[in-house]
>>> print(open('input.cif').read())   # mmCIF, C-alpha atoms
data_coords
loop_
_atom_site.label_atom_id
_atom_site.label_comp_id
_atom_site.auth_asym_id
_atom_site.auth_seq_id
_atom_site.Cartn_x
_atom_site.Cartn_y
_atom_site.Cartn_z
CA MET A 263 7.49 -36.12 17.38
CA SER A 264 6.67 -35.31 21.00
CA THR A 265 3.32 -33.83 21.98
CA LYS A 266 5.09 -30.68 23.13
CA ALA A 267 6.72 -30.23 19.72
CA ARG A 268 3.41 -30.92 17.97
CA ILE A 269 1.72 -28.25 20.08
CA LEU A 270 4.40 -25.72 19.13
CA ASP A 271 4.21 -26.59 15.43
CA ALA A 272 0.42 -26.40 15.36
CA SER A 273 0.40 -23.15 17.33
CA LEU A 274 2.90 -21.56 14.96
CA ALA A 275 0.81 -22.50 11.93
CA LEU A 276 -2.41 -21.21 13.50
CA PHE A 277 -0.84 -17.99 14.79
CA ASN A 278 0.67 -17.28 11.37
CA GLU A 279 -2.55 -18.04 9.52
CA SER A 280 -5.12 -16.38 11.79
CA GLY A 281 -3.17 -14.04 14.05
CA GLU A 282 -2.24 -14.86 17.62
CA ARG A 283 -5.07 -12.83 19.12
CA ASN A 284 -7.64 -14.91 17.21
CA VAL A 285 -6.31 -18.30 18.36
CA THR A 286 -7.06 -19.81 21.76
CA THR A 287 -5.59 -22.84 23.47
CA ASN A 288 -8.89 -24.61 22.75
CA HIS A 289 -8.37 -23.94 19.03
CA ILE A 290 -4.87 -25.41 19.26
CA ALA A 291 -6.03 -28.49 21.16
CA ALA A 292 -8.89 -29.07 18.71
CA ASN A 293 -6.52 -28.72 15.77
CA LEU A 294 -4.32 -31.45 17.23
CA GLY A 295 -7.19 -33.65 18.38
CA ILE A 296 -6.08 -33.57 22.00
CA SER A 297 -7.83 -32.40 25.16
CA PRO A 298 -7.19 -28.93 26.58
CA GLY A 299 -5.94 -30.68 29.71
CA ASN A 300 -3.29 -32.48 27.68
CA LEU A 301 -2.17 -29.17 26.23
CA TYR A 302 -2.02 -27.56 29.68
CA TYR A 303 0.13 -30.43 30.90
CA HIS A 304 2.85 -29.18 28.55
CA PHE A 305 2.13 -25.41 28.57
CA LYS A 306 0.32 -23.62 31.36
CA ASN A 307 -1.18 -21.01 29.01
CA LYS A 308 -0.93 -19.43 25.57
CA GLN A 309 1.79 -17.03 26.69
CA ALA A 310 4.00 -20.01 27.54
CA ILE A 311 3.50 -21.35 24.01
CA ILE A 312 4.42 -17.97 22.53
CA TYR A 313 7.51 -17.77 24.73
CA HIS A 314 8.75 -21.18 23.59
CA LEU A 315 8.07 -20.32 19.96
CA PHE A 316 10.17 -17.19 20.45
CA LEU A 317 12.99 -19.34 21.85
CA ARG A 318 12.86 -21.39 18.64
CA TYR A 319 12.97 -18.22 16.56
CA GLU A 320 15.81 -16.80 18.64
CA GLU A 321 17.92 -19.93 18.17
CA ARG A 322 17.30 -19.89 14.43
CA VAL A 323 18.34 -16.26 13.99
CA LEU A 324 21.42 -16.49 16.19
CA THR A 325 22.52 -19.60 14.29
CA ILE A 326 22.26 -17.64 11.03
CA LEU A 327 24.14 -14.57 12.27
CA GLN A 328 27.58 -16.12 12.62
CA VAL A 329 30.79 -15.15 10.86
CA PRO A 330 32.48 -18.28 9.48
CA SER A 331 35.63 -19.11 11.43
CA GLU A 332 37.30 -21.09 8.63
CA ARG A 333 37.26 -18.44 5.87
CA PRO A 334 36.83 -14.71 5.26
CA LEU A 335 33.44 -13.34 4.29
CA GLN A 336 32.54 -13.21 0.60
CA VAL A 337 30.15 -11.19 -1.54
CA ASN A 338 27.50 -13.92 -1.60
CA ASP A 339 27.49 -14.14 2.20
CA LYS A 340 25.57 -10.87 2.46
CA LEU A 341 22.75 -12.24 0.34
CA HIS A 342 22.78 -15.50 2.32
CA TYR A 343 22.42 -13.71 5.65
CA LEU A 344 19.55 -11.56 4.44
CA ARG A 345 17.67 -14.38 2.73
CA GLU A 346 17.91 -16.61 5.78
CA VAL A 347 16.90 -13.87 8.20
CA PHE A 348 13.88 -12.86 6.11
CA SER A 349 12.95 -16.52 5.68
CA GLY A 350 12.87 -16.81 9.47
CA LEU A 351 10.86 -13.60 9.62
CA TRP A 352 8.27 -15.18 7.34
CA ASP A 353 8.17 -18.52 9.17
CA TYR A 354 7.57 -16.72 12.49
CA ARG A 355 5.64 -13.81 11.06
CA PHE A 356 3.02 -13.76 13.82
CA LEU A 357 5.72 -12.48 16.19
CA HIS A 358 6.51 -9.48 14.03
CA ARG A 359 2.94 -8.68 13.03
CA ASP A 360 2.06 -7.87 16.63
CA MET A 361 5.36 -7.64 18.49
CA GLU A 362 4.47 -4.65 20.67
CA HIS A 363 1.34 -6.37 21.96
CA LEU A 364 3.16 -9.65 22.63
CA LEU A 365 5.95 -7.96 24.57
CA SER A 366 3.64 -5.78 26.62
CA ALA A 367 1.59 -8.85 27.58
CA ASP A 368 4.57 -10.83 28.90
CA PRO A 369 7.37 -9.12 30.86
CA GLU A 370 9.49 -12.28 30.76
CA LEU A 371 9.27 -12.37 26.97
CA HIS A 372 10.07 -8.65 26.81
CA SER A 373 13.20 -9.15 28.91
CA ARG A 374 14.30 -12.08 26.74
CA TYR A 375 13.66 -10.07 23.59
CA ARG A 376 15.87 -7.23 24.81
CA GLN A 377 18.71 -9.69 25.37
CA PHE A 378 18.07 -11.10 21.90
CA PHE A 379 18.23 -7.60 20.43
CA ARG A 380 21.62 -6.92 22.00
CA LEU A 381 23.00 -10.25 20.81
CA CYS A 382 21.74 -9.68 17.28
CA LEU A 383 23.16 -6.17 17.21
CA ASP A 384 26.58 -7.53 18.19
CA ARG A 385 26.38 -10.34 15.63
CA VAL A 386 25.34 -8.03 12.79
CA ALA A 387 28.09 -5.57 13.70
CA GLU A 388 30.59 -8.43 13.61
CA ILE A 389 29.39 -9.34 10.10
CA PHE A 390 29.89 -5.75 8.95
CA ARG A 391 33.38 -5.76 10.51
CA GLY A 392 34.11 -8.93 8.56
CA LEU A 393 32.96 -7.28 5.33
CA ASP A 394 35.17 -4.31 6.13
CA GLN A 395 38.21 -6.49 6.83
CA VAL A 396 38.07 -8.09 3.37
CA GLY A 397 37.49 -4.75 1.64
CA ILE A 398 33.87 -5.28 0.57
CA ILE A 399 32.75 -2.27 2.58
CA ALA A 400 34.65 0.63 4.12
CA ALA A 401 33.20 1.62 7.48
CA ASN A 402 34.63 2.78 10.78
CA GLU A 403 33.40 1.42 14.11
CA GLU A 404 30.76 4.10 14.58
CA GLU A 405 29.44 3.46 11.07
CA VAL A 406 29.46 -0.30 11.67
CA ARG A 407 27.32 0.10 14.78
CA GLY A 408 25.00 2.46 12.94
CA LEU A 409 24.63 0.02 10.04
CA ALA A 410 23.89 -2.81 12.47
CA LEU A 411 21.19 -0.83 14.25
CA ASN A 412 19.59 0.48 11.05
CA THR A 413 19.56 -3.03 9.58
CA TRP A 414 17.80 -4.28 12.72
CA ILE A 415 15.24 -1.48 12.48
CA ILE A 416 14.44 -2.28 8.84
CA VAL A 417 14.11 -6.02 9.46
CA THR A 418 12.01 -5.81 12.61
CA SER A 419 9.73 -2.98 11.43
CA TRP A 420 9.19 -4.21 7.88
CA PHE A 421 5.78 -5.72 8.69
CA SER A 422 4.66 -2.40 10.15
CA PHE A 423 5.87 -0.53 7.07
CA LEU A 424 3.93 -2.83 4.74
CA ARG A 425 0.80 -2.74 6.86
CA CYS A 426 0.78 1.04 7.26
CA ASN A 427 1.78 2.05 3.74
CA LEU A 428 0.89 -0.64 1.24
CA ILE A 429 -1.92 -2.96 2.23
CA GLY A 430 -4.49 -0.93 4.10
CA GLY A 431 -3.80 -2.36 7.55
CA ASP A 432 -4.59 -6.03 6.88
CA SER A 433 -1.43 -7.76 8.05
CA GLN A 434 -2.81 -11.17 7.08
CA SER A 435 -2.51 -10.27 3.39
CA ILE A 436 1.25 -9.68 3.50
CA SER A 437 2.97 -12.11 1.15
CA GLN A 438 6.42 -13.63 1.43
CA GLU A 439 7.40 -11.75 -1.72
CA MET A 440 6.40 -8.44 -0.14
CA LEU A 441 8.27 -9.31 3.03
CA GLN A 442 11.45 -10.07 1.11
CA GLY A 443 11.30 -6.60 -0.40
CA GLY A 444 13.03 -5.67 2.85
CA ILE A 445 16.17 -7.34 1.53
CA TYR A 446 16.32 -4.72 -1.21
CA GLN A 447 16.08 -1.97 1.40
CA VAL A 448 18.98 -3.39 3.42
CA PHE A 449 21.06 -3.56 0.23
CA SER A 450 20.19 0.09 -0.39
CA LEU A 451 21.18 1.01 3.17
CA GLU A 452 24.61 -0.58 2.77
CA ARG A 453 25.37 0.62 -0.76
CA PRO A 454 27.13 3.89 0.21
CA PHE A 455 29.69 1.82 2.15
CA ILE A 456 30.52 -0.61 -0.68
CA THR A 457 34.07 -0.08 -1.96
CA ASP A 458 34.71 0.71 -5.61
CA ALA A 459 36.23 -2.73 -6.19
CA TYR A 460 33.02 -4.47 -5.09
CA LEU A 461 30.39 -2.02 -6.28
CA ALA A 462 29.79 -3.75 -9.64
CA PRO A 463 29.62 -7.29 -8.15
CA MET A 464 27.23 -6.11 -5.43
CA ASP A 465 25.02 -4.27 -7.92
CA GLU A 466 24.90 -7.38 -10.08
CA LEU A 467 24.06 -9.55 -7.08
CA GLN A 468 21.22 -7.24 -6.13
CA LYS A 469 19.95 -6.93 -9.70
CA GLN A 470 19.95 -10.69 -10.20
CA PHE A 471 18.50 -11.84 -6.87
CA VAL A 472 16.82 -8.86 -5.16
CA PRO A 473 15.78 -6.25 -7.73
CA LYS A 474 13.68 -3.34 -6.52
CA PRO A 475 10.07 -4.56 -6.27
CA ASP A 476 7.60 -2.79 -8.53
CA TRP A 477 5.31 -2.14 -5.58
CA LEU A 478 8.03 -0.08 -3.87
CA GLU A 479 8.12 2.39 -6.74
CA ALA A 480 6.65 5.75 -5.80
CA GLU A 481 3.37 6.47 -7.52
#
>>> encode(input="input.cif", output="structure tokens")
Amino acid sequence: MSTKARILDASLALFNESGERNVTTNHIAANLGISPGNLYYHFKNKQAIIYHLFLRYEERVLTILQVPSERPLQVNDKLHYLREVFSGLWDYRFLHRDMEHLLSADPELHSRYRQFFRLCLDRVAEIFRGLDQVGIIAANEEEVRGLALNTWIIVTSWFSFLRCNLIGGDSQSISQEMLQGGIYQVFSLERPFITDAYLAPMDELQKQFVPKPDWLEAE
């Protein structure tokens, strides 16, 4: 593995564990057993590391959000998309724990993120169109775009929801199980659009793989 890749891997682990604001380039270099100068040879500062980690995350998400060209979408595809997206959310959780701060600190990253948002919105809308074409959901174009946007909002704000409402503000204590509770919420968002023919299979899929978490029950 190249030094550059090792720096990115170590940075990701440290950012996820301790929070990006609490990790310096000196911490990263010490973790790898290299000199700060060696690190700066590959990345001029911490913002450059964050930017390249975002590029990794972007590639992962856009690879997930593709409609298969060789077959129509199936019921299980919806669960696959959500599981993979939330898995990526967990693996790059430092980005979503403090996204507003990261974007405000780096205009180049903010510009790239806006492009990413538009691409994701188009990809998610295309998935919903595919589900509509095979009769799994029934949604017109306006509803498809609304579903795509609302899905994006749930996914990207899920950390904030957990931090503000469930765990007293300590984002470090969010677990992967709590994060994946967002999958249930996306299923709930889409349920009114499921056709009668697919309502029972979708309910069974949700019940088996993403039941409503106990901690989401109102007290």
>>> resolve_selection(input="input.cif", expression="the PyMOL selection byres ((chain A and resi 381) around 12)", output="JSON, numbers by chain")
{"A": [320, 321, 323, 324, 325, 327, 328, 374, 375, 376, 377, 378, 379, 380, 382, 383, 384, 385, 386, 387, 388, 410, 411, 414]}
>>> residues_around(input="input.cif", residues="range 299-312 of chain A", least_positions_apart="4", cutoff="10 Å", atoms="only C-alpha atoms", output="list in words")
Thr265, Lys266, Ala267, Ile269, Leu270, Ser273, Leu274, Phe277, Glu282, Val285, Thr286, Thr287, Asn288, Ile290, Ala291, Leu294, Phe316, Leu317, Arg318, Phe356, Leu357, Leu364, Ala367, Asp368, Glu370 and Leu371 of chain A
>>> resolve_selection(input="input.cif", expression="the PyMOL selection byres ((chain A and resi 406) around 12)", output="PyMOL selection string")
chain A and resi 383-395+399-405+407-413+451-452+455
>>> residues_around(input="input.cif", residues="Trp420 in chain A", least_positions_apart="2", cutoff="12 Å", atoms="all atoms listed in the file", output="JSON, numbers by chain")
{"A": [348, 351, 352, 355, 358, 359, 360, 361, 412, 413, 414, 415, 416, 417, 418, 422, 423, 424, 425, 426, 427, 428, 433, 436, 438, 440, 441, 442, 443, 444, 445, 446, 447, 448]}
>>> closest_residue(input="input.cif", among="A:Asn284, A:Lys474, A:Ile398, A:Glu439", to="Asp458 in chain A", atoms="only C-alpha atoms")
A:Ile398
>>> closest_residue(input="input.cif", among="A:Lys469, A:Arg345, A:His314, A:Arg268", to="Ile326 in chain A", atoms="all atoms listed in the file")
A:Arg345
>>> closest_residue(input="input.cif", among="A:Tyr343, A:Tyr313, A:Tyr319, A:Tyr354", to="Gly281 in chain A", atoms="all atoms listed in the file")
A:Tyr354
>>> closest_residue(input="input.cif", among="A:Ser419, A:Leu478, A:Ser437, A:Asn338", to="Pro463 in chain A", atoms="only C-alpha atoms")
A:Asn338
>>> atom_distance(input="input.cif", atom1="CA of Ala292 in chain A", atom2="CA of Leu276 in chain A")
11.4 Å
>>> resolve_selection(input="input.cif", expression="the PyMOL selection byres ((chain A and resi 337) around 10)", output="list in words")
Leu335, Gln336, Asn338, Asp339, Lys340, Leu341, His342, Leu393, Val396, Ile398, Tyr460, Pro463, Met464 and Leu467 of chain A
>>> write_last_selection(input="input.cif", atoms="C-alpha atoms", output="short mmCIF file (atom, residue, chain, number, x, y, z; two decimals), in the frame of the given file")
data_model
loop_
_atom_site.label_atom_id
_atom_site.label_comp_id
_atom_site.auth_asym_id
_atom_site.auth_seq_id
_atom_site.Cartn_x
_atom_site.Cartn_y
_atom_site.Cartn_z
CA LEU A 335 33.44 -13.34 4.29
CA GLN A 336 32.54 -13.21 0.60
CA ASN A 338 27.50 -13.92 -1.60
CA ASP A 339 27.49 -14.14 2.20
CA LYS A 340 25.57 -10.87 2.46
CA LEU A 341 22.75 -12.24 0.34
CA HIS A 342 22.78 -15.50 2.32
CA LEU A 393 32.96 -7.28 5.33
CA VAL A 396 38.07 -8.09 3.37
CA ILE A 398 33.87 -5.28 0.57
CA TYR A 460 33.02 -4.47 -5.09
CA PRO A 463 29.62 -7.29 -8.15
CA MET A 464 27.23 -6.11 -5.43
CA LEU A 467 24.06 -9.55 -7.08
#
>>> axis_aligned_box(input="input.cif", around="range 455-466 of chain A", padding_each_side="5 Å", output="AutoDock Vina command-line options")
--center_x 30.6 --center_y -2.8 --center_z -4.0 --size_x 21.3 --size_y 19.2 --size_z 22.2
>>> atom_distance(input="input.cif", atom1="CA of Gly350 in chain A", atom2="CA of Ile456 in chain A")
26.0 Å
>>> atom_distance(input="input.cif", atom1="CA of Leu461 in chain A", atom2="CA of Pro334 in chain A")
18.3 Å
>>> decode(input="input.cif", residues="range 300-339 of chain A", atoms="C-alpha atoms", output="compact mmCIF listing (two decimals), in the first residue's frame")
# COMPACT_ATOMS: atom_id res chain seq x y z
CA ASN A 300 6.58 12.97 4.92
CA LEU A 301 2.86 13.50 5.42
CA TYR A 302 3.04 17.02 3.98
CA TYR A 303 4.82 15.67 0.92
CA HIS A 304 1.58 13.85 0.06
CA PHE A 305 -1.01 16.28 1.50
CA LYS A 306 -0.36 19.97 2.08
CA ASN A 307 -2.72 20.14 5.08
CA LYS A 308 -5.55 18.38 6.90
CA GLN A 309 -8.17 19.89 4.60
CA ALA A 310 -6.50 18.16 1.65
CA ILE A 311 -6.77 14.83 3.48
CA ILE A 312 -10.45 15.44 4.19
CA TYR A 313 -11.07 16.37 0.56
CA HIS A 314 -9.48 13.15 -0.71
CA LEU A 315 -11.42 11.09 1.83
CA PHE A 316 -14.59 12.72 0.53
CA LEU A 317 -13.60 11.72 -3.02
CA ARG A 318 -13.34 8.12 -1.81
CA TYR A 319 -16.76 8.37 -0.18
CA GLU A 320 -18.26 9.99 -3.27
CA GLU A 321 -16.99 7.21 -5.53
CA ARG A 322 -18.37 4.56 -3.18
CA VAL A 323 -21.85 6.08 -3.02
CA LEU A 324 -22.13 6.75 -6.75
CA THR A 325 -21.04 3.18 -7.45
CA ILE A 326 -23.85 1.93 -5.20
CA LEU A 327 -26.56 4.14 -6.70
CA GLN A 328 -26.78 2.54 -10.12
CA VAL A 329 -29.76 0.88 -11.76
CA PRO A 330 -28.70 -2.48 -13.22
CA SER A 331 -28.66 -2.38 -17.02
CA GLU A 332 -29.10 -6.12 -17.52
CA ARG A 333 -32.33 -6.65 -15.55
CA PRO A 334 -35.30 -4.80 -14.04
CA LEU A 335 -35.23 -3.78 -10.39
CA GLN A 336 -36.52 -6.26 -7.81
CA VAL A 337 -37.93 -6.02 -4.30
CA ASN A 338 -34.62 -6.93 -2.65
CA ASP A 339 -32.79 -4.17 -4.53
